[in-house]
Structure formats: structure tokens, C-alpha cells
$ cat protein_24.cif   # mmCIF, C-alpha atoms
data_target
loop_
_atom_site.label_atom_id
_atom_site.label_comp_id
_atom_site.auth_asym_id
_atom_site.auth_seq_id
_atom_site.Cartn_x
_atom_site.Cartn_y
_atom_site.Cartn_z
CA MET X 1 -6.18 -15.74 -18.11
CA ALA X 2 -4.58 -12.59 -16.76
CA GLU X 3 -4.95 -9.50 -18.95
CA LEU X 4 -1.79 -7.38 -18.98
CA PHE X 5 -1.13 -3.98 -20.52
CA TYR X 6 2.13 -2.27 -21.46
CA ASP X 7 3.26 1.02 -22.99
CA ALA X 8 2.04 0.00 -26.42
CA ASP X 9 -1.47 -0.48 -24.99
CA ALA X 10 -1.68 2.93 -23.32
CA ASP X 11 -2.09 6.29 -25.05
CA LEU X 12 -0.76 9.08 -22.85
CA GLY X 13 -2.32 11.52 -25.27
CA ARG X 14 -5.74 10.72 -23.81
CA LEU X 15 -4.81 12.82 -20.77
CA ARG X 16 -3.05 15.67 -22.54
CA GLY X 17 -5.06 18.86 -22.18
CA ARG X 18 -6.98 17.42 -19.23
CA ARG X 19 -6.40 18.76 -15.73
CA ILE X 20 -5.42 16.22 -13.10
CA ALA X 21 -5.82 16.75 -9.35
CA ILE X 22 -3.82 14.60 -6.94
CA ILE X 23 -5.56 14.75 -3.57
CA GLY X 24 -2.92 14.12 -0.92
CA TYR X 25 0.86 14.37 -1.09
CA GLY X 26 2.04 11.47 1.03
CA SER X 27 3.82 8.30 -0.07
CA GLN X 28 1.76 7.66 -3.19
CA GLY X 29 0.61 11.23 -3.75
CA HIS X 30 4.03 12.76 -4.22
CA ALA X 31 5.10 9.96 -6.58
CA HIS X 32 1.99 10.19 -8.75
CA ALA X 33 2.09 13.99 -8.95
CA LEU X 34 5.77 14.21 -9.86
CA ASN X 35 5.75 11.29 -12.31
CA LEU X 36 2.67 12.61 -14.10
CA ARG X 37 4.16 16.08 -14.36
CA GLU X 38 7.39 14.67 -15.79
CA SER X 39 5.26 12.75 -18.30
CA GLY X 40 4.05 16.10 -19.58
CA LEU X 41 0.63 16.21 -17.93
CA ASP X 42 -1.18 19.09 -16.24
CA VAL X 43 -1.05 18.36 -12.51
CA ARG X 44 -2.12 20.18 -9.38
CA VAL X 45 -2.15 18.97 -5.77
CA GLY X 46 -5.13 19.31 -3.43
CA LEU X 47 -4.32 19.70 0.27
CA HIS X 48 -6.10 21.03 3.33
CA ALA X 49 -4.88 24.36 4.68
CA ARG X 50 -2.86 22.90 7.58
CA SER X 51 -1.23 20.08 5.63
CA ARG X 52 2.42 19.49 6.50
CA SER X 53 2.93 18.43 2.89
CA ARG X 54 2.09 21.83 1.43
CA GLU X 55 5.66 23.15 1.62
CA LYS X 56 7.04 19.95 0.05
CA ALA X 57 4.66 20.13 -2.89
CA GLU X 58 5.32 23.82 -3.44
CA ALA X 59 9.09 23.27 -3.18
CA ALA X 60 8.77 20.66 -5.92
CA GLY X 61 7.18 23.32 -8.13
CA LEU X 62 3.69 21.85 -8.11
CA PRO X 63 0.62 24.08 -8.01
CA VAL X 64 -1.15 23.59 -4.67
CA ARG X 65 -4.84 24.24 -4.16
CA SER X 66 -7.39 23.50 -1.49
CA VAL X 67 -8.96 20.10 -2.02
CA ALA X 68 -12.22 21.69 -3.13
CA ASP X 69 -10.54 24.05 -5.59
CA ALA X 70 -8.39 21.28 -7.03
CA ALA X 71 -11.44 19.05 -7.50
CA ALA X 72 -13.44 21.88 -9.03
CA GLU X 73 -10.89 22.72 -11.72
CA ALA X 74 -9.79 19.16 -12.52
CA ASP X 75 -11.11 16.74 -15.11
CA VAL X 76 -9.47 13.78 -13.34
CA VAL X 77 -9.37 13.52 -9.54
CA MET X 78 -7.10 10.90 -7.95
CA LEU X 79 -7.90 10.41 -4.25
CA LEU X 80 -4.72 9.47 -2.38
CA VAL X 81 -5.41 10.41 1.23
CA PRO X 82 -5.62 7.51 3.75
CA ASP X 83 -8.60 5.16 3.43
CA THR X 84 -10.02 6.27 6.75
CA ALA X 85 -10.00 9.95 5.73
CA GLN X 86 -11.36 9.46 2.23
CA PRO X 87 -15.13 9.37 2.89
CA GLU X 88 -15.24 12.73 4.67
CA VAL X 89 -12.84 14.37 2.21
CA TYR X 90 -14.93 13.03 -0.63
CA ARG X 91 -18.29 14.14 0.80
CA CYS X 92 -17.19 17.60 1.86
CA GLU X 93 -14.61 18.62 -0.73
CA ILE X 94 -14.90 16.48 -3.86
CA ALA X 95 -18.48 15.30 -4.39
CA PRO X 96 -19.88 18.84 -4.89
CA HIS X 97 -17.55 19.25 -7.87
CA LEU X 98 -18.00 15.88 -9.61
CA ALA X 99 -19.88 16.89 -12.72
CA PRO X 100 -20.76 14.36 -15.44
CA GLY X 101 -17.79 13.71 -17.70
CA LYS X 102 -15.22 13.83 -14.91
CA THR X 103 -13.16 10.90 -13.65
CA LEU X 104 -12.70 9.86 -10.02
CA MET X 105 -9.72 7.59 -9.38
CA PHE X 106 -8.37 5.52 -6.50
CA ALA X 107 -5.21 3.55 -5.71
CA HIS X 108 -7.09 1.15 -3.42
CA GLY X 109 -10.67 -0.06 -3.65
CA PHE X 110 -11.65 -0.13 0.03
CA ASN X 111 -14.17 2.72 0.10
CA ILE X 112 -15.85 1.71 -3.14
CA ARG X 113 -15.95 -1.98 -2.20
CA TYR X 114 -17.53 -1.30 1.19
CA GLY X 115 -19.86 1.48 0.11
CA GLN X 116 -18.26 4.34 2.01
CA ILE X 117 -18.02 6.38 -1.19
CA GLU X 118 -20.82 6.28 -3.75
CA PRO X 119 -19.95 8.38 -6.82
CA PRO X 120 -22.76 9.92 -8.86
CA ASP X 121 -23.94 8.73 -12.23
CA GLY X 122 -22.17 10.17 -15.24
CA VAL X 123 -18.69 9.95 -13.67
CA ASP X 124 -16.01 7.44 -14.60
CA VAL X 125 -14.64 5.62 -11.55
CA SER X 126 -11.38 3.75 -11.96
CA MET X 127 -8.33 2.56 -10.08
CA VAL X 128 -4.60 2.41 -10.71
CA ALA X 129 -2.88 0.68 -7.81
CA PRO X 130 0.94 0.49 -7.99
CA LYS X 131 2.33 -2.63 -6.33
CA ALA X 132 5.03 -0.75 -4.45
CA PRO X 133 5.33 2.01 -1.84
CA GLY X 134 5.29 5.52 -3.21
CA HIS X 135 9.00 6.13 -2.81
CA ARG X 136 9.71 3.12 -5.05
CA VAL X 137 7.15 4.32 -7.61
CA ARG X 138 9.15 7.53 -7.77
CA GLU X 139 12.64 6.04 -7.63
CA VAL X 140 12.07 3.43 -10.31
CA PHE X 141 10.42 6.00 -12.60
CA ARG X 142 13.42 8.31 -12.28
CA GLU X 143 15.68 5.39 -13.19
CA GLY X 144 13.71 4.94 -16.42
CA GLY X 145 11.59 2.02 -15.28
CA GLY X 146 8.27 1.50 -13.58
CA VAL X 147 6.61 -0.65 -10.95
CA PRO X 148 3.76 -3.02 -11.85
CA ALA X 149 0.22 -1.90 -11.08
CA LEU X 150 -3.35 -3.10 -11.04
CA VAL X 151 -6.05 -1.36 -13.07
CA ALA X 152 -9.82 -1.59 -12.59
CA VAL X 153 -12.98 0.17 -13.66
CA HIS X 154 -15.97 0.52 -11.34
CA ALA X 155 -18.07 2.85 -13.51
CA ASP X 156 -17.59 3.49 -17.23
CA ALA X 157 -19.88 6.40 -17.95
CA SER X 158 -17.76 7.68 -20.83
CA GLY X 159 -17.16 4.34 -22.52
CA HIS X 160 -13.39 4.81 -22.33
CA ALA X 161 -12.66 4.66 -18.61
CA LEU X 162 -10.20 1.79 -19.04
CA GLU X 163 -8.27 3.58 -21.77
CA ASP X 164 -8.00 6.69 -19.58
CA ALA X 165 -6.89 4.67 -16.58
CA LEU X 166 -4.20 3.00 -18.68
CA ALA X 167 -3.04 6.43 -19.83
CA TYR X 168 -2.73 7.41 -16.17
CA ALA X 169 -0.81 4.20 -15.45
CA ARG X 170 1.57 5.09 -18.26
CA GLY X 171 1.97 8.57 -16.82
CA ILE X 172 3.27 7.19 -13.53
CA GLY X 173 5.47 4.63 -15.31
CA SER X 174 3.59 1.43 -14.53
CA THR X 175 2.96 0.32 -18.12
CA ARG X 176 6.75 0.07 -18.49
CA ALA X 177 6.56 -2.92 -16.15
CA GLY X 178 3.05 -4.22 -16.82
CA VAL X 179 -0.45 -3.43 -15.59
CA LEU X 180 -2.80 -6.25 -14.63
CA LYS X 181 -6.56 -5.85 -15.07
CA THR X 182 -8.64 -6.63 -11.99
CA THR X 183 -11.78 -5.40 -10.23
CA PHE X 184 -12.26 -3.16 -7.21
CA THR X 185 -13.55 -6.17 -5.29
CA GLU X 186 -10.65 -8.45 -6.16
CA GLU X 187 -8.02 -5.79 -5.44
CA THR X 188 -9.55 -4.86 -2.10
CA GLU X 189 -10.14 -8.35 -0.80
CA THR X 190 -6.75 -9.74 -1.86
CA ASP X 191 -4.93 -6.67 -0.57
CA LEU X 192 -6.55 -6.88 2.86
CA PHE X 193 -6.01 -10.63 3.02
CA GLY X 194 -2.35 -10.32 2.06
CA GLU X 195 -1.77 -7.67 4.72
CA GLN X 196 -3.49 -9.63 7.46
CA ALA X 197 -2.55 -13.23 6.73
CA VAL X 198 0.98 -12.82 5.37
CA LEU X 199 2.64 -9.44 4.87
CA CYS X 200 1.87 -7.76 8.19
CA GLY X 201 -0.24 -9.86 10.56
CA GLY X 202 1.16 -13.25 9.65
CA ILE X 203 4.82 -12.22 9.46
CA SER X 204 4.67 -10.14 12.65
CA ALA X 205 3.11 -12.98 14.63
CA LEU X 206 5.53 -15.56 13.20
CA VAL X 207 8.57 -13.43 13.98
CA LYS X 208 7.41 -12.73 17.54
CA ALA X 209 6.51 -16.38 18.16
CA GLY X 210 9.92 -17.54 16.98
CA PHE X 211 11.68 -14.94 19.12
CA GLU X 212 9.61 -15.79 22.20
CA THR X 213 10.21 -19.55 21.75
CA LEU X 214 13.99 -19.12 21.68
CA VAL X 215 14.07 -16.70 24.62
CA ALA X 216 11.80 -18.93 26.71
CA ALA X 217 14.20 -21.81 26.01
CA GLY X 218 17.08 -19.79 27.48
CA TYR X 219 18.75 -18.38 24.40
CA GLN X 220 20.00 -14.78 24.37
CA PRO X 221 17.37 -12.29 23.14
CA GLU X 222 19.98 -10.65 20.91
CA VAL X 223 20.73 -13.95 19.14
CA ALA X 224 17.00 -14.66 18.85
CA TYR X 225 16.50 -11.24 17.27
CA PHE X 226 19.14 -11.88 14.61
CA GLU X 227 17.76 -15.32 13.76
CA CYS X 228 14.04 -14.46 13.70
CA LEU X 229 13.90 -10.86 12.48
CA HIS X 230 17.18 -9.44 11.18
CA GLU X 231 17.89 -12.24 8.70
CA LEU X 232 14.32 -12.22 7.38
CA LYS X 233 15.27 -9.48 4.92
CA LEU X 234 17.93 -11.68 3.36
CA ILE X 235 15.37 -14.39 2.67
CA VAL X 236 12.67 -12.02 1.42
CA ASP X 237 15.12 -10.34 -0.95
CA LEU X 238 15.91 -13.72 -2.49
CA MET X 239 12.19 -14.49 -2.88
CA TYR X 240 11.63 -11.04 -4.38
CA GLN X 241 14.31 -11.68 -7.00
CA GLY X 242 13.45 -15.23 -7.99
CA GLY X 243 10.57 -16.69 -6.03
CA LEU X 244 10.70 -19.53 -3.54
CA GLY X 245 12.80 -21.63 -5.89
CA TYR X 246 15.61 -19.08 -6.08
CA MET X 247 15.55 -18.61 -2.31
CA ARG X 248 15.90 -22.37 -1.80
CA TYR X 249 18.68 -22.52 -4.40
CA SER X 250 20.56 -19.73 -2.63
CA VAL X 251 20.43 -20.95 0.97
CA SER X 252 22.31 -23.94 2.35
CA ASP X 253 21.05 -27.47 1.76
CA THR X 254 20.44 -27.73 5.50
CA ALA X 255 18.20 -24.66 5.40
CA GLU X 256 16.40 -25.96 2.32
CA TYR X 257 15.79 -29.34 3.97
CA GLY X 258 14.44 -27.56 7.06
CA ASP X 259 12.13 -25.58 4.80
CA TYR X 260 10.62 -28.77 3.38
CA THR X 261 10.31 -30.63 6.66
CA ALA X 262 9.35 -27.93 9.15
CA GLY X 263 7.29 -25.35 7.28
CA ASP X 264 4.08 -27.37 7.22
CA ARG X 265 4.45 -28.12 10.94
CA VAL X 266 4.36 -24.40 11.72
CA ILE X 267 1.84 -23.30 9.10
CA GLY X 268 -0.42 -26.34 9.22
CA GLU X 269 -4.14 -26.98 8.86
CA SER X 270 -5.12 -24.76 11.79
CA ALA X 271 -3.28 -21.82 10.20
CA ARG X 272 -5.02 -22.47 6.88
CA GLN X 273 -8.38 -22.53 8.65
CA ALA X 274 -7.54 -19.23 10.34
CA MET X 275 -6.63 -17.74 6.95
CA ALA X 276 -9.95 -18.92 5.50
CA ALA X 277 -11.76 -17.26 8.41
CA LEU X 278 -9.84 -14.01 7.85
CA LEU X 279 -10.79 -14.07 4.18
CA GLN X 280 -14.43 -14.65 5.05
CA ASP X 281 -14.40 -11.64 7.39
CA ILE X 282 -13.00 -9.55 4.55
CA ARG X 283 -15.46 -10.81 1.96
CA ASP X 284 -18.57 -10.44 4.10
CA GLY X 285 -17.56 -6.96 5.31
CA SER X 286 -17.02 -7.89 8.97
CA PHE X 287 -13.45 -6.60 9.03
CA ALA X 288 -14.37 -3.37 7.25
CA GLU X 289 -17.24 -2.81 9.68
CA ARG X 290 -14.94 -3.23 12.69
CA TRP X 291 -12.26 -0.95 11.23
CA ILE X 292 -14.74 1.75 10.25
CA LEU X 293 -16.30 1.62 13.74
CA GLU X 294 -12.85 1.78 15.37
CA ASN X 295 -12.13 5.00 13.49
CA ARG X 296 -15.51 6.51 14.27
CA THR X 297 -15.14 5.87 18.01
CA GLY X 298 -11.70 7.35 18.60
CA ARG X 299 -9.35 4.47 17.73
CA ASP X 300 -8.90 3.53 21.40
CA GLU X 301 -8.15 -0.16 20.81
CA PHE X 302 -5.91 0.60 17.84
CA THR X 303 -3.91 3.13 19.88
CA ARG X 304 -3.67 0.81 22.88
CA ARG X 305 -2.41 -2.09 20.78
CA ARG X 306 0.08 0.11 18.93
CA ALA X 307 1.65 1.28 22.19
CA LEU X 308 1.69 -2.25 23.63
CA GLU X 309 3.42 -3.72 20.58
CA MET X 310 6.10 -1.02 20.67
CA GLU X 311 7.20 -2.36 24.06
CA HIS X 312 7.45 -6.01 23.06
CA PRO X 313 10.92 -7.39 23.94
CA ILE X 314 11.77 -7.93 20.28
CA GLU X 315 11.35 -4.20 19.77
CA THR X 316 13.39 -3.12 22.77
CA VAL X 317 16.21 -5.55 21.89
CA GLY X 318 16.00 -4.57 18.25
CA ARG X 319 16.35 -0.86 18.93
CA LYS X 320 19.59 -1.54 20.80
CA LEU X 321 21.01 -3.81 18.10
CA ARG X 322 20.07 -1.56 15.20
CA ARG X 323 22.08 1.26 16.75
CA MET X 324 25.12 -1.02 16.30
CA MET X 325 24.42 -1.19 12.55
CA PRO X 326 24.40 2.36 11.15
CA PHE X 327 24.62 0.93 7.62
CA LEU X 328 20.95 -0.01 8.04
CA GLU X 329 20.01 3.66 8.45
CA PRO X 330 17.91 2.59 11.46
CA ARG X 331 14.63 4.35 12.13
CA GLU X 332 13.22 4.94 15.58
CA VAL X 333 9.43 4.84 15.63
CA ALA X 334 7.31 6.23 18.45
CA PRO X 335 3.62 5.31 18.82
CA GLY X 336 2.68 8.48 16.96
CA GLY X 337 4.97 7.83 13.98
CA VAL X 338 8.58 8.14 12.85
#
$ encode --input "protein_24.cif" --output "C-alpha cells"
Amino acid sequence: MAELFYDADADLGRLRGRRIAIIGYGSQGHAHALNLRESGLDVRVGLHARSRSREKAEAAGLPVRSVADAAAEADVVMLLVPDTAQPEVYRCEIAPHLAPGKTLMFAHGFNIRYGQIEPPDGVDVSMVAPKAPGHRVREVFREGGGVPALVAVHADASGHALEDALAYARGIGSTRAGVLKTTFTEETETDLFGEQAVLCGGISALVKAGFETLVAAGYQPEVAYFECLHELKLIVDLMYQGGLGYMRYSVSDTAEYGDYTAGDRVIGESARQAMAALLQDIRDGSFAERWILENRTGRDEFTRRRALEMEHPIETVGRKLRRMMPFLEPREVAPGGV
């Protein structure tokens, strides 16, 4: 049975008087730092000297240190730089300052699960992983709420690593919504699987396949875009609010009937077998090995595929159509970023 924790289960006082270092000030980093500070905790941000986030953190009134200095003075170190950068940052800037009694924290278990970071004995190692992008973690907190999170303990040297992690979760607002206990392994493997099979890989491929099928059959690309991509948000919002049942209740009976009769024809046994193979690659480390090697060898394939996908017809048509809808606040993304 799932084990859930709320405000009543978390004592923020466990972190009062302890110095917290947030390493990184991106999507999650800025939200964690600001929410913790507004919860009355002692926060500093660790950034490298050329970080573009330095001015933002300083403008928000947060003390900014080098990563090494932040790690040295902190009792709790939360590592929120990208997964691919974490091992080097850890080895060079954090590990030399991890004395017994300190706590090392993560918001994703990748580098612990796949052995890229191996903390020393005597250090608590835990995870608080909000189930929302950083901007939502911040927005919902400011509105008086919180986003759900996962909590896990990898090493409990102190005997109270879970209690401290729950205090941290309360500091960022997550115990207002509920915090689910998991493990580093479960969080990592389910997160990667969700991204690949459904949330990113699966959805992207499904949307493109639907678009390509309509265009190949002679329908206008603009109409295909609206049907296969633009309206997806409407459906996902309904699912987000009330699950599949509420979505089916809210759409037309024709759409609901099509859901029941066509869905299994598209996502059939071959798709399920492909998902099982993806999960096996994640569990046996094959995916992690490929991704780590890709980063160590210059990211050539990653960069090539990113540029290629940006020129897919659904993207070129979409850019034109989104300019017609300023209410969307459309974003133009180049291969290097927004």
C-alpha cells in the first residue's frame, strides 16, 4: 500500500538552524531555493562563476556562492544541475566537502541508480522529487498550495534521513499536497519509462504518425496539425483534472466510442512489447549506458536528431499556425534552446 505524508507528518523545525545549499538555479533550483527561504530556512545557491543564473539569484536576494563554497558551508546539499552534469560537479566541487553528518539530496535518482555518484559513508542520501516543472512548484506554493512529490532514502547514516527529507518537502510546499514514499530505483526507472514510452517518446511519435497519415492521404497539413497536435492539450487537460473517465465524459459520444474501438488498434500488442523492451533497457542499464556514452563523446547523434526533428513538417506548419494564435504565447525554439 502506498505510504503518503502530509504537513502533519513533517517537522520543518528539523531544518531550522541548518544551512541548505541549492546547487543550480534552473527550473527546479529557483523554485526550491525561493520556497525554502520563504519557509524560513537558511538557503544559499551554488553556481559556477560563468552561470547565467547568477544575476537572477542575486536579484531575488539569495546569497550566491561558488559550488564548492556552498557545499563546504552547508549541512544539506541539494543537487539540481542537469543529470549529465551532476557527476563532474559532484566529484570536483561537492565530494571534497561531504563530511559525516551532512545530507546530500537529489530530485531525480539517475546518478545514484546507475552508479555515477557514490556518496561516502556517514552521509545521508535522500531524494525529494516534485511531480511538476519548477515553475509550477513555485507558482502553486505562492498560491498557498503545493505540488505532490516523491520521497526516498538511499543512505540513512543519521537514522533520521526520512524525517529530514520530509521537512525539506514541507519547505518547498509538497506536503500540502502529499508526498509518496518510493525508492531511488523505482523513481528512476518509472520516470525514464514514462518519458520514453508515453510522455515524450510515445506522444511525439503518435502525434507525428497521425499527422503524416492525414497528409499522405491528401488532407491539408494545417488541418492535420490542429487535429493531431493542437487539440491534444484539450484532452490532456481533461485527463489531468479527472482521469480518463472525466475525459470520456467530457468529449462527444462519437469521440468516446472511437476511443473504445480504435485505441487498441493503434496501441496494440506490438506497442506493448516495445514498451516492455524499453523498460528492460532501463532496468538493466542499457539506456543509461548509451546516454552516458553519448554525453562523453560529444552528443553528435543527439544534436543531429534534435536538428532533424526541428525541421519535421509538423514543426514548420505549427510555427506558422501558432503565430496566428497570440493567446497561446507561442515560443520559438531553435536547436540550441528557446
$ atom_distance --input "protein_24.cif" --atom1 "CA of Lys320 (chain X)" --atom2 "CA of Lys208 (chain X)"
16.9 Å
$ residues_around --input "protein_24.cif" --residues "region 73-76 of chain X" --least-positions-apart "3" --cutoff "6 Å" --atoms "all atoms listed in the file" --output "ChimeraX atom specification"
/X:18-21,70,102-103
$ resolve_selection --input "protein_24.cif" --expression "the PyMOL selection byres ((chain X and resi 28-36) around 10)" --output "count of residues only"
47
$ closest_residue --input "protein_24.cif" --among "X:Asp124, X:Gly145, X:Glu329, X:Ser270" --to "Leu162 (chain X)" --atoms "all atoms listed in the file"
X:Asp124
$ resolve_selection --input "protein_24.cif" --expression "the PyMOL selection byres ((chain X and resi 111) around 10)" --output "VMD selection string"
chain X and resid 83 to 84 86 to 87 106 108 to 110 112 to 118 184 188 288
$ closest_residue --input "protein_24.cif" --among "X:Ala59, X:Leu192, X:Ala8, X:Ile94" --to "Phe287 (chain X)" --atoms "only C-alpha atoms"
X:Leu192
$ closest_residue --input "protein_24.cif" --among "X:Leu293, X:Glu256, X:Gln196, X:Leu308" --to "Asp281 (chain X)" --atoms "all atoms listed in the file"
X:Gln196
$ resolve_selection --input "protein_24.cif" --expression "the PyMOL selection byres ((chain X and resi 235) around 12)" --output "ChimeraX atom specification"
/X:227-234,236-252,255-256,259
$ write_last_selection --input "protein_24.cif" --atoms "C-alpha atoms" --output "PDB file, keeping the file's coordinate frame"
ATOM      1  CA  GLU X 227      17.760 -15.320  13.760  1.00  0.00           C
ATOM      2  CA  CYS X 228      14.040 -14.460  13.700  1.00  0.00           C
ATOM      3  CA  LEU X 229      13.900 -10.860  12.480  1.00  0.00           C
ATOM      4  CA  HIS X 230      17.180  -9.440  11.180  1.00  0.00           C
ATOM      5  CA  GLU X 231      17.890 -12.240   8.700  1.00  0.00           C
ATOM      6  CA  LEU X 232      14.320 -12.220   7.380  1.00  0.00           C
ATOM      7  CA  LYS X 233      15.270  -9.480   4.920  1.00  0.00           C
ATOM      8  CA  LEU X 234      17.930 -11.680   3.360  1.00  0.00           C
ATOM      9  CA  VAL X 236      12.670 -12.020   1.420  1.00  0.00           C
ATOM     10  CA  ASP X 237      15.120 -10.340  -0.950  1.00  0.00           C
ATOM     11  CA  LEU X 238      15.910 -13.720  -2.490  1.00  0.00           C
ATOM     12  CA  MET X 239      12.190 -14.490  -2.880  1.00  0.00           C
ATOM     13  CA  TYR X 240      11.630 -11.040  -4.380  1.00  0.00           C
ATOM     14  CA  GLN X 241      14.310 -11.680  -7.000  1.00  0.00           C
ATOM     15  CA  GLY X 242      13.450 -15.230  -7.990  1.00  0.00           C
ATOM     16  CA  GLY X 243      10.570 -16.690  -6.030  1.00  0.00           C
ATOM     17  CA  LEU X 244      10.700 -19.530  -3.540  1.00  0.00           C
ATOM     18  CA  GLY X 245      12.800 -21.630  -5.890  1.00  0.00           C
ATOM     19  CA  TYR X 246      15.610 -19.080  -6.080  1.00  0.00           C
ATOM     20  CA  MET X 247      15.550 -18.610  -2.310  1.00  0.00           C
ATOM     21  CA  ARG X 248      15.900 -22.370  -1.800  1.00  0.00           C
ATOM     22  CA  TYR X 249      18.680 -22.520  -4.400  1.00  0.00           C
ATOM     23  CA  SER X 250      20.560 -19.730  -2.630  1.00  0.00           C
ATOM     24  CA  VAL X 251      20.430 -20.950   0.970  1.00  0.00           C
ATOM     25  CA  SER X 252      22.310 -23.940   2.350  1.00  0.00           C
ATOM     26  CA  ALA X 255      18.200 -24.660   5.400  1.00  0.00           C
ATOM     27  CA  GLU X 256      16.400 -25.960   2.320  1.00  0.00           C
ATOM     28  CA  ASP X 259      12.130 -25.580   4.800  1.00  0.00           C
TER      29      ASP X 259
END
$ closest_residue --input "protein_24.cif" --among "X:Val147, X:Ala165, X:Tyr90, X:Glu289" --to "Ser126 (chain X)" --atoms "only C-alpha atoms"
X:Ala165
$ atom_distance --input "protein_24.cif" --atom1 "CA of Ala197 (chain X)" --atom2 "CA of Met275 (chain X)"
6.1 Å
$ decode --input "protein_24.cif" --residues "region 156-168 of chain X" --atoms "N, CA, C and O atoms" --output "mmCIF file, in the first residue's frame"
data_model
loop_
_atom_site.group_PDB
_atom_site.id
_atom_site.type_symbol
_atom_site.label_atom_id
_atom_site.label_comp_id
_atom_site.auth_asym_id
_atom_site.auth_seq_id
_atom_site.Cartn_x
_atom_site.Cartn_y
_atom_site.Cartn_z
ATOM 1 N N ASP X 156 20.903 6.120 5.134
ATOM 2 C CA ASP X 156 20.370 6.714 6.364
ATOM 3 C C ASP X 156 21.416 6.631 7.463
ATOM 4 O O ASP X 156 21.261 5.910 8.447
ATOM 5 N N ALA X 157 22.488 7.374 7.284
ATOM 6 C CA ALA X 157 23.582 7.326 8.252
ATOM 7 C C ALA X 157 23.164 7.891 9.603
ATOM 8 O O ALA X 157 23.615 7.422 10.655
ATOM 9 N N SER X 158 22.303 8.901 9.582
ATOM 10 C CA SER X 158 21.926 9.581 10.821
ATOM 11 C C SER X 158 20.819 8.874 11.580
ATOM 12 O O SER X 158 20.629 9.105 12.779
ATOM 13 N N GLY X 159 20.033 8.056 10.866
ATOM 14 C CA GLY X 159 18.869 7.431 11.476
ATOM 15 C C GLY X 159 17.608 8.261 11.339
ATOM 16 O O GLY X 159 16.523 7.815 11.736
ATOM 17 N N HIS X 160 17.736 9.463 10.782
ATOM 18 C CA HIS X 160 16.541 10.306 10.591
ATOM 19 C C HIS X 160 16.548 10.971 9.211
ATOM 20 O O HIS X 160 16.053 12.088 9.040
ATOM 21 N N ALA X 161 17.081 10.264 8.231
ATOM 22 C CA ALA X 161 17.140 10.823 6.878
ATOM 23 C C ALA X 161 15.745 11.060 6.304
ATOM 24 O O ALA X 161 15.508 12.066 5.622
ATOM 25 N N LEU X 162 14.823 10.139 6.563
ATOM 26 C CA LEU X 162 13.459 10.317 6.041
ATOM 27 C C LEU X 162 12.791 11.530 6.670
ATOM 28 O O LEU X 162 12.156 12.334 5.965
ATOM 29 N N GLU X 163 12.927 11.679 7.968
ATOM 30 C CA GLU X 163 12.313 12.824 8.642
ATOM 31 C C GLU X 163 12.858 14.139 8.095
ATOM 32 O O GLU X 163 12.115 15.110 7.900
ATOM 33 N N ASP X 164 14.169 14.178 7.829
ATOM 34 C CA ASP X 164 14.766 15.400 7.280
ATOM 35 C C ASP X 164 14.289 15.661 5.854
ATOM 36 O O ASP X 164 14.047 16.811 5.466
ATOM 37 N N ALA X 165 14.176 14.591 5.080
ATOM 38 C CA ALA X 165 13.690 14.763 3.707
ATOM 39 C C ALA X 165 12.247 15.258 3.700
ATOM 40 O O ALA X 165 11.867 16.102 2.875
ATOM 41 N N LEU X 166 11.434 14.766 4.614
ATOM 42 C CA LEU X 166 10.058 15.237 4.701
ATOM 43 C C LEU X 166 10.004 16.701 5.125
ATOM 44 O O LEU X 166 9.142 17.464 4.660
ATOM 45 N N ALA X 167 10.916 17.102 5.991
ATOM 46 C CA ALA X 167 10.990 18.513 6.369
ATOM 47 C C ALA X 167 11.318 19.370 5.152
ATOM 48 O O ALA X 167 10.738 20.447 4.958
ATOM 49 N N TYR X 168 12.229 18.884 4.323
ATOM 50 C CA TYR X 168 12.572 19.597 3.088
ATOM 51 C C TYR X 168 11.349 19.668 2.175
ATOM 52 O O TYR X 168 11.051 20.724 1.601
#
